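Visitor: First, the structure itself, so that you have it in front of you.
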Amino acid sequence: MRTRRAIESPPVLRGYTETRHKAKSWDRERRTVARIEATMLGLDIRFVVTSLDVGSAEWIYDSLYCARGQAENLIKLHKTQLASDRTSCRSALANQVRLVLHTAAYWLMLTVREAIPEVRELAAAEFATLRLRLLKIAARVVETTSRIRLAFAAACPEADLIRGLPGALLPLGP
């Protein structure tokens, strides 16, 4: 098993280096950090040009550059999965309210996804998948004086997960 895993996932060699560079249009030299990754498929080199003089090359790439990329991915998720870029109302206030509601939906979906146990495939699912598999399902609602019960179809694949989510979403006590 270990041999097969070693063959299927070839080793990755990664290193960081830096140099200084000054383009003709720049008033001074800038620091250039490079992350160099070598695999069996070839080289993957990424450059970051910065005016920061502090921090190691690895810290600049991993903590600053990759964090910025992650923030851009979250914005993209906000726009594509929740359609938050649809601000087509005539009123600026209406568009602002719409964006606030989309942000609340984003926060809710992120909270639900974080409450899903890591062993479940939905723990890393996109919001559209969560919406289809957890929110857009049929259930019979039975309301009594002391509780509300949800009756799922016998074939509902996520019924046990849905039953456990309310407890996982409760805020922790002091």
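Residue numbering restarts at 1 in every chain; chains get A, B, ... in the order shown in the structure tokens, and ligands count up from 1 in that same order.
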Excluding Phe47 (chain A) and residues on its chain fewer than 5 positions from it, collect all residues at most 10 Å away from it, counting only C-alpha atoms, and give them as a list in words.
Guide: Tyr16, Thr17, Glu18, Thr32, Val33, Ala34, Arg35, Ile36, Tyr61 and Tyr65 of chain A
Visitor: In region 11-87 of chain A, what's strand (DSSP E) per DSSP? Answer as a list of chain:residue names?
Guide: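 Taking region 11-87 of chain A and keeping strand (DSSP E) gives A:Leu13, A:Arg14, A:Gly15, A:Tyr16, A:Thr17, A:Glu18, A:Thr19, A:Arg20, A:His21, A:Arg30, A:Arg31, A:Thr32, A:Val33, A:Ala34, A:Arg35, A:Ile36, A:Glu37, A:Ala38, A:Thr39, A:Gly42, A:Leu43, A:Asp44, A:Ile45, A:Arg46, A:Phe47, A:Val48, A:Val49, A:Thr50.
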Visitor: For a quick check of understanding, using only C-alpha atoms, which of A:Ala154, A:Leu82, A:Leu74, A:Ile162 has the smallest distance to Leu101 (chain A)?
Guide: A:Leu82
Visitor: Do you have the CA of Val54 (chain A)-CA of His21 (chain A) distance handy?
Guide: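 Separating CA of Val54 (chain A) from CA of His21 (chain A) is a distance of 16.3 Å.
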Visitor: When DSSP works through the backbone of this structure, what residues of chain A end up as helix (DSSP H, G or I), shown as JSON, numbers by chain?
Guide: {"A": [2, 3, 4, 5, 6, 7, 8, 57, 58, 59, 60, 61, 62, 63, 64, 65, 66, 67, 68, 69, 70, 71, 72, 73, 74, 75, 76, 77, 78, 79, 80, 81, 82, 92, 93, 94, 95, 96, 97, 98, 99, 100, 101, 102, 103, 104, 105, 106, 107, 108, 109, 110, 111, 112, 113, 114, 115, 121, 122, 123, 124, 127, 128, 129, 130, 131, 132, 133, 134, 135, 159, 160, 161, 162, 163, 164, 165, 166, 167, 168, 169]}
Visitor: Need to verify the contact set: Asp53 (chain A), 12 Å, only C-alpha atoms, exclusion of same-chain residues closer than 6 positions in sequence. Can you return it as a PyMOL selection string?
Guide: chain A and resi 18-20+29-33+59-60
Visitor: Show me, as a VMD selection string, the residues that have an atom within 12 Å of region 116-133 of chain A when counting only C-alpha atoms, minus same-chain residues fewer than 6 positions from it.
Guide: chain A and resid 73 to 74 76 to 83 105 to 110 156 to 169
Visitor: Excluding Val142 (chain A) and any residue of its chain fewer than 6 positions from it, enumerate the residues within 12 Å of it, using only C-alpha atoms, and give them as a ChimeraX atom specification.
Guide: /A:148-152
Visitor: Take the selection from the previous step and output its residues with C-alpha atoms, as a CSV table (one decimal), in the first residue's frame.
Guide:
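Wrote part_39.csv, looks like this:
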chain,number,residue,atom,x,y,z
A,148,ILE,CA,-41.5,20.7,16.0
A,149,ARG,CA,-40.6,17.4,14.3
A,150,LEU,CA,-39.4,16.9,10.8
A,151,ALA,CA,-40.4,13.7,9.0
A,152,PHE,CA,-38.0,12.9,6.1
Visitor: To one decimal in Å, tell me the separation between CA of Ser84 (chain A) and CA of Leu99 (chain A).
Guide: 6.1 Å
Visitor: Quote the spacing between CA of Ile75 (chain A) and CA of Asn95 (chain A) in Å to one decimal place.
Guide: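 Between CA of Ile75 (chain A) and CA of Asn95 (chain A) the gap works out to 17.3 Å.
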